[in-house]
$ cat structure-v5.txt   # compact mmCIF, C-alpha atoms
# COMPACT_ATOMS: atom_id res chain seq x y z
CA MET A 1 -12.62 1.13 40.58
CA LEU A 2 -14.10 1.08 37.11
CA PRO A 3 -17.75 0.21 36.66
CA ARG A 4 -18.12 -3.37 35.45
CA VAL A 5 -20.11 -2.45 32.35
CA ALA A 6 -19.66 0.31 29.78
CA ILE A 7 -21.86 0.92 26.73
CA GLN A 8 -20.21 3.59 24.61
CA THR A 9 -19.74 4.92 21.10
CA ALA A 10 -16.00 5.50 21.68
CA ASP A 11 -13.35 2.88 21.01
CA PHE A 12 -11.56 1.10 23.89
CA ASP A 13 -7.96 0.21 24.63
CA LEU A 14 -7.27 -3.38 25.70
CA SER A 15 -4.11 -2.64 27.70
CA ARG A 16 -5.75 0.16 29.65
CA GLU A 17 -8.80 -1.95 30.37
CA VAL A 18 -6.70 -4.88 31.58
CA ALA A 19 -4.48 -2.60 33.68
CA ALA A 20 -7.58 -1.14 35.37
CA LEU A 21 -9.01 -4.62 35.93
CA ARG A 22 -5.81 -5.83 37.67
CA GLU A 23 -5.04 -2.64 39.55
CA GLY A 24 -4.64 -3.04 43.31
CA ASP A 25 -5.28 -6.80 43.30
CA ALA A 26 -2.09 -8.79 43.85
CA GLY A 27 -4.12 -11.99 44.04
CA VAL A 28 -4.63 -11.94 40.27
CA GLY A 29 -2.62 -14.62 38.50
CA ALA A 30 -4.50 -14.73 35.23
CA VAL A 31 -6.41 -12.42 32.91
CA ALA A 32 -8.40 -13.70 29.93
CA SER A 33 -9.94 -11.35 27.41
CA PHE A 34 -12.00 -11.52 24.25
CA ILE A 35 -12.44 -8.82 21.62
CA GLY A 36 -15.10 -8.99 18.91
CA THR A 37 -14.51 -6.95 15.73
CA VAL A 38 -16.53 -5.95 12.66
CA ARG A 39 -15.95 -8.30 9.69
CA ASP A 40 -15.96 -6.96 6.13
CA ARG A 41 -18.10 -9.88 4.90
CA SER A 42 -21.30 -11.47 6.14
CA ASP A 43 -23.44 -14.20 4.54
CA GLY A 44 -21.65 -13.83 1.21
CA SER A 45 -21.95 -10.05 0.96
CA GLY A 46 -19.40 -7.32 1.52
CA VAL A 47 -20.13 -5.17 4.57
CA SER A 48 -19.17 -1.50 4.35
CA GLU A 49 -20.56 -0.40 7.71
CA MET A 50 -22.48 -1.59 10.74
CA GLU A 51 -24.94 0.18 13.02
CA LEU A 52 -25.42 -1.12 16.55
CA GLU A 53 -28.59 -0.33 18.46
CA HIS A 54 -29.25 -1.12 22.13
CA TYR A 55 -31.91 -0.76 24.82
CA PRO A 56 -30.49 1.85 27.21
CA GLY A 57 -30.94 0.71 30.79
CA MET A 58 -31.89 -2.87 30.04
CA THR A 59 -28.61 -3.55 28.26
CA GLU A 60 -26.49 -2.42 31.22
CA ARG A 61 -28.76 -4.21 33.68
CA SER A 62 -28.69 -7.49 31.78
CA ILE A 63 -24.89 -7.50 31.50
CA GLU A 64 -24.56 -6.70 35.22
CA ALA A 65 -26.73 -9.76 35.90
CA MET A 66 -24.51 -11.87 33.63
CA ILE A 67 -21.41 -10.76 35.53
CA ASP A 68 -23.15 -11.65 38.82
CA ALA A 69 -23.86 -15.10 37.36
CA ALA A 70 -20.22 -15.49 36.26
CA MET A 71 -18.93 -14.41 39.70
CA ALA A 72 -21.21 -16.99 41.35
CA ARG A 73 -20.25 -19.79 38.97
CA PHE A 74 -16.49 -19.29 38.60
CA GLU A 75 -13.67 -18.36 40.95
CA ILE A 76 -12.96 -15.02 39.34
CA ARG A 77 -11.83 -11.79 40.98
CA ALA A 78 -13.18 -9.15 38.60
CA ALA A 79 -14.80 -8.74 35.21
CA ARG A 80 -15.27 -5.90 32.76
CA VAL A 81 -17.51 -5.72 29.68
CA VAL A 82 -17.29 -2.86 27.17
CA HIS A 83 -19.72 -2.84 24.23
CA ARG A 84 -19.79 -0.20 21.55
CA VAL A 85 -22.95 1.15 19.90
CA GLY A 86 -23.60 3.42 16.94
CA ARG A 87 -21.86 3.37 13.58
CA LEU A 88 -18.85 1.05 13.19
CA LEU A 89 -16.62 0.23 10.23
CA PRO A 90 -15.01 -3.10 9.26
CA GLY A 91 -11.96 -3.79 11.40
CA GLU A 92 -13.24 -1.76 14.34
CA GLN A 93 -13.61 -3.26 17.80
CA ILE A 94 -17.18 -3.98 18.95
CA VAL A 95 -16.95 -5.73 22.30
CA LEU A 96 -14.48 -6.52 25.06
CA VAL A 97 -14.88 -9.07 27.83
CA ALA A 98 -12.01 -9.27 30.32
CA VAL A 99 -11.86 -11.45 33.43
CA SER A 100 -9.26 -11.80 36.18
CA SER A 101 -8.74 -14.78 38.45
CA ALA A 102 -6.03 -16.54 40.45
CA HIS A 103 -5.50 -19.25 37.82
CA ARG A 104 -6.08 -19.42 34.07
CA GLY A 105 -8.78 -22.09 33.90
CA GLN A 106 -11.48 -20.08 35.63
CA ALA A 107 -10.60 -16.91 33.70
CA PHE A 108 -10.81 -18.67 30.31
CA GLN A 109 -14.12 -20.28 31.22
CA ALA A 110 -15.73 -17.17 32.69
CA CYS A 111 -14.70 -15.12 29.65
CA GLU A 112 -16.34 -17.58 27.26
CA PHE A 113 -19.40 -17.90 29.50
CA LEU A 114 -19.89 -14.12 29.51
CA MET A 115 -19.57 -13.89 25.72
CA ASP A 116 -22.00 -16.79 25.18
CA TYR A 117 -24.44 -15.16 27.57
CA LEU A 118 -24.11 -11.71 26.00
CA LYS A 119 -24.66 -12.98 22.44
CA THR A 120 -28.14 -14.30 23.19
CA GLN A 121 -29.41 -12.31 26.19
CA ALA A 122 -28.17 -8.72 25.97
CA PRO A 123 -30.42 -6.40 23.97
CA PHE A 124 -28.25 -5.26 21.07
CA TRP A 125 -29.15 -5.34 17.38
CA LYS A 126 -26.79 -5.12 14.41
CA LYS A 127 -27.70 -3.61 11.07
CA GLU A 128 -25.15 -4.01 8.31
CA THR A 129 -24.79 -2.05 5.10
CA THR A 130 -24.03 -4.21 2.03
CA PRO A 131 -24.01 -3.49 -1.73
CA GLU A 132 -27.61 -4.85 -1.75
CA GLY A 133 -28.67 -2.33 0.91
CA ALA A 134 -28.92 -2.22 4.70
CA ARG A 135 -30.22 -5.30 6.53
CA TRP A 136 -30.75 -6.39 10.12
CA VAL A 137 -28.50 -9.28 11.11
CA ASP A 138 -30.32 -12.54 11.92
CA ALA A 139 -29.79 -14.28 15.26
CA ARG A 140 -28.00 -17.63 15.01
CA VAL A 141 -29.19 -20.91 16.51
CA ALA A 142 -25.50 -21.77 17.10
CA ASP A 143 -25.28 -18.91 19.60
CA ASP A 144 -28.17 -20.36 21.61
CA ALA A 145 -26.45 -23.76 21.53
CA ALA A 146 -23.29 -22.12 22.91
CA LEU A 147 -25.16 -20.87 25.97
CA GLN A 148 -26.98 -24.18 26.41
CA ARG A 149 -23.60 -25.89 26.85
CA TRP A 150 -23.40 -24.10 30.21
CA GLY A 151 -26.72 -25.63 31.23
CA LEU A 152 -28.65 -22.39 30.70
CA ALA A 153 -31.86 -22.01 28.75
CA ALA A 154 -31.50 -20.02 25.53
CA CYS A 155 -34.19 -19.50 22.91
CA ASN A 156 -33.23 -16.25 21.23
CA ALA A 157 -32.89 -17.29 17.59
CA PRO A 158 -36.02 -18.36 15.68
CA GLY A 159 -36.26 -22.16 15.51
CA SER A 160 -33.84 -22.67 18.39
CA ALA A 161 -34.60 -25.72 20.56
CA MET B 162 -54.10 0.74 33.43
CA LYS B 163 -51.49 2.63 31.45
CA ILE B 164 -48.24 1.23 30.08
CA GLN B 165 -45.31 2.52 28.06
CA LEU B 166 -44.83 0.50 24.89
CA ARG B 167 -41.43 0.48 23.20
CA PHE B 168 -40.03 -1.07 20.04
CA PHE B 169 -36.45 -1.66 18.95
CA ALA B 170 -34.51 -2.41 15.77
CA SER B 171 -36.68 -3.49 12.79
CA LEU B 172 -39.87 -3.11 14.85
CA ARG B 173 -38.89 0.45 15.84
CA GLU B 174 -38.29 1.37 12.20
CA ALA B 175 -41.77 0.18 11.21
CA LEU B 176 -43.86 1.02 14.29
CA GLY B 177 -42.09 3.93 15.99
CA SER B 178 -40.03 3.90 19.14
CA GLN B 179 -42.47 4.63 21.94
CA GLN B 180 -46.17 5.13 22.75
CA GLU B 181 -48.46 5.16 25.75
CA LEU B 182 -51.19 2.57 25.82
CA GLU B 183 -54.30 1.79 27.87
CA LEU B 184 -54.64 -1.92 28.77
CA PRO B 185 -57.13 -3.99 30.79
CA ASP B 186 -55.79 -4.90 34.26
CA GLY B 187 -54.13 -8.30 34.39
CA SER B 188 -53.19 -8.38 30.71
CA THR B 189 -50.43 -10.76 29.69
CA VAL B 190 -47.70 -10.21 27.12
CA ALA B 191 -49.56 -12.57 24.76
CA ALA B 192 -52.79 -10.58 25.14
CA LEU B 193 -50.97 -7.32 24.45
CA ARG B 194 -49.34 -8.77 21.33
CA ASP B 195 -52.73 -10.08 20.10
CA GLY B 196 -54.28 -6.67 20.72
CA LEU B 197 -51.55 -4.86 18.80
CA ARG B 198 -51.91 -7.28 15.89
CA GLU B 199 -55.60 -6.36 15.65
CA ARG B 200 -54.53 -2.85 14.62
CA GLY B 201 -53.72 -4.48 11.25
CA GLY B 202 -51.17 -3.26 8.71
CA ARG B 203 -47.53 -3.38 9.78
CA TYR B 204 -48.56 -4.40 13.33
CA ALA B 205 -50.35 -7.49 12.03
CA GLU B 206 -47.41 -8.36 9.79
CA LEU B 207 -44.53 -7.79 12.21
CA LEU B 208 -46.20 -9.26 15.30
CA ALA B 209 -47.67 -12.30 13.48
CA PRO B 210 -47.42 -15.49 15.57
CA GLN B 211 -44.85 -17.06 13.24
CA ARG B 212 -42.51 -14.05 13.61
CA ALA B 213 -39.72 -14.34 16.17
CA VAL B 214 -40.42 -11.43 18.51
CA ARG B 215 -38.94 -11.12 22.01
CA CYS B 216 -40.47 -9.13 24.83
CA ALA B 217 -39.15 -7.40 27.94
CA VAL B 218 -41.29 -6.13 30.82
CA ASN B 219 -39.66 -3.46 33.00
CA GLN B 220 -36.37 -4.16 31.23
CA ALA B 221 -36.25 -7.89 32.01
CA MET B 222 -36.83 -10.62 29.42
CA ALA B 223 -40.45 -11.78 29.65
CA ALA B 224 -42.51 -14.76 28.51
CA GLU B 225 -45.86 -14.79 26.69
CA THR B 226 -47.50 -15.57 30.03
CA THR B 227 -45.89 -12.69 31.95
CA VAL B 228 -48.55 -10.48 33.55
CA ILE B 229 -48.19 -6.75 32.96
CA HIS B 230 -48.81 -4.29 35.78
CA ASP B 231 -49.87 -0.64 35.80
CA GLY B 232 -47.08 1.73 34.78
CA ALA B 233 -44.97 -1.03 33.23
CA GLU B 234 -42.52 -0.48 30.40
CA VAL B 235 -43.09 -3.20 27.80
CA ALA B 236 -40.76 -3.60 24.86
CA PHE B 237 -40.99 -5.80 21.76
CA PHE B 238 -37.93 -6.47 19.63
CA PRO B 239 -36.40 -9.04 17.28
CA PRO B 240 -33.95 -11.70 18.55
CA VAL B 241 -30.81 -9.98 19.82
CA THR B 242 -27.59 -9.90 17.78
CA GLY B 243 -24.91 -8.19 19.87
CA GLY B 244 -21.38 -9.26 20.61
$ encode --input "structure-v5.txt" --output "structure tokens"
Amino acid sequence: MLPRVAIQTADFDLSREVAALREGDAGVGAVASFIGTVRDRSDGSGVSEMELEHYPGMTERSIEAMIDAAMARFEIRAARVVHRVGRLLPGEQIVLVAVSSAHRGQAFQACEFLMDYLKTQAPFWKKETTPEGARWVDARVADDAALQRWGLAACNAPGSA
Amino acid sequence: MKIQLRFFASLREALGSQQELELPDGSTVAALRDGLRERGGRYAELLAPQRAVRCAVNQAMAAETTVIHDGAEVAFFPPVTGG
């Protein structure tokens, strides 16, 4: 069985990841997945490249804890999170969340829950290169609000309630 | 007591990635941040109270009131922006 969390510089392949997630489990009736990609624009500027930094050890640990929380909250059978770090170009894949369950509702919900959790609680930082120079991306209050919808406390972004 | 202090992202660029530090027993995250600010310069600027800075103790998110123990790994970093 694959580990539940992978932090890697290499790209990932959705079909392989989903095949591995489903393998050997005939009770799976639904798989939901989300892929985040690098946009070529951000806050009105063109983005030519992005650098992703993480906190080795804590990042893996925090995502493992999120998957535990998702398994406890939803009727899901397995989950896999892949997050890339290092230098990425517009159009490249950044993150994959994939969840399997017996029925679609729980898979959809758990997938969104994991993404909302990851956005505000996993230690990653994005730095984007624009024509005006390189800049660290600001955290968004909207991402905290997304996690709060699940009844969880989130106060990552400055000024977030 | 001795701790390992770590910085990430914009704080790492300005303050370096890692250093060892001697702290009074029973120090909290808030006390450590205050102490670092007293070094002045970039420390005072980047760890100013109005700056959004997050902290982890032993690789778990921590609050200002979290007590730090001997041998701990304490990290300061800006709000996270993964995904």
$ residues_around --input "structure-v5.txt" --residues "A:Glu64" --least-positions-apart "3" --cutoff "12 Å" --atoms "all atoms listed in the file" --output "number ranges by chain"
A: 3-7, 57-61, 67-71, 79-82, 114, 117-118, 121-122
$ residues_around --input "structure-v5.txt" --residues "stretch 184-201 of chain B" --least-positions-apart "4" --cutoff "8 Å" --atoms "only C-alpha atoms" --output "PyMOL selection string"
chain B and resi 162-164+205-206+208-209+216+223-231
$ residues_around --input "structure-v5.txt" --residues "A:Ala10" --least-positions-apart "5" --cutoff "12 Å" --atoms "all atoms listed in the file" --output "PDB file with C-alpha atoms, keeping the file's coordinate frame"
ATOM      1  CA  VAL A  82     -17.290  -2.860  27.170  1.00  0.00           C
ATOM      2  CA  HIS A  83     -19.720  -2.840  24.230  1.00  0.00           C
ATOM      3  CA  ARG A  84     -19.790  -0.200  21.550  1.00  0.00           C
ATOM      4  CA  VAL A  85     -22.950   1.150  19.900  1.00  0.00           C
ATOM      5  CA  GLY A  86     -23.600   3.420  16.940  1.00  0.00           C
ATOM      6  CA  ARG A  87     -21.860   3.370  13.580  1.00  0.00           C
ATOM      7  CA  LEU A  88     -18.850   1.050  13.190  1.00  0.00           C
ATOM      8  CA  GLU A  92     -13.240  -1.760  14.340  1.00  0.00           C
ATOM      9  CA  GLN A  93     -13.610  -3.260  17.800  1.00  0.00           C
ATOM     10  CA  ILE A  94     -17.180  -3.980  18.950  1.00  0.00           C
ATOM     11  CA  VAL A  95     -16.950  -5.730  22.300  1.00  0.00           C
TER      12      VAL A  95
END
$ interface_residues --input "structure-v5.txt" --of "chain B" --to "chain A" --cutoff "8 Å" --atoms "only C-alpha atoms" --output "list in words"
Phe169, Ala170, Ser171, Ala213, Arg215, Gln220, Ala221, Pro240, Val241, Thr242, Gly243 and Gly244 of chain B
$ atom_distance --input "structure-v5.txt" --atom1 "atom CA of A:Glu128" --atom2 "atom CA of A:Ser15"
28.6 Å
$ atom_distance --input "structure-v5.txt" --atom1 "atom CA of B:Gln179" --atom2 "atom CA of B:Gln211"
23.5 Å
$ atom_distance --input "structure-v5.txt" --atom1 "atom CA of A:Gly27" --atom2 "atom CA of A:Arg104"
12.6 Å
$ residues_around --input "structure-v5.txt" --residues "A:Val141" --least-positions-apart "3" --cutoff "7 Å" --atoms "all atoms listed in the file" --output "JSON, numbers by chain"
{"A": [144, 145, 157, 160]}
$ residues_around --input "structure-v5.txt" --residues "A:Val99" --least-positions-apart "2" --cutoff "9 Å" --atoms "only C-alpha atoms" --output "list in words"
Val18, Leu21, Ala30, Val31, Ala32, Ser33, Ile76, Arg77, Ala78, Ala79, Arg80, Val81, Val97, Ser101, Gln106, Ala107, Phe108, Ala110 and Cys111 of chain A
$ residues_near_point --input "structure-v5.txt" --point "(-39.7, -3.6, 26.8)" --cutoff "7 Å" --atoms "all atoms listed in the file" --output "ChimeraX atom specification"
/B:166-167,216-220,234-237
$ residues_near_point --input "structure-v5.txt" --point "(-15.5, -5.3, 10.2)" --cutoff "8 Å" --atoms "only C-alpha atoms" --output "MDAnalysis selection string"
chainID A and resid 37:41 47:50 88:92
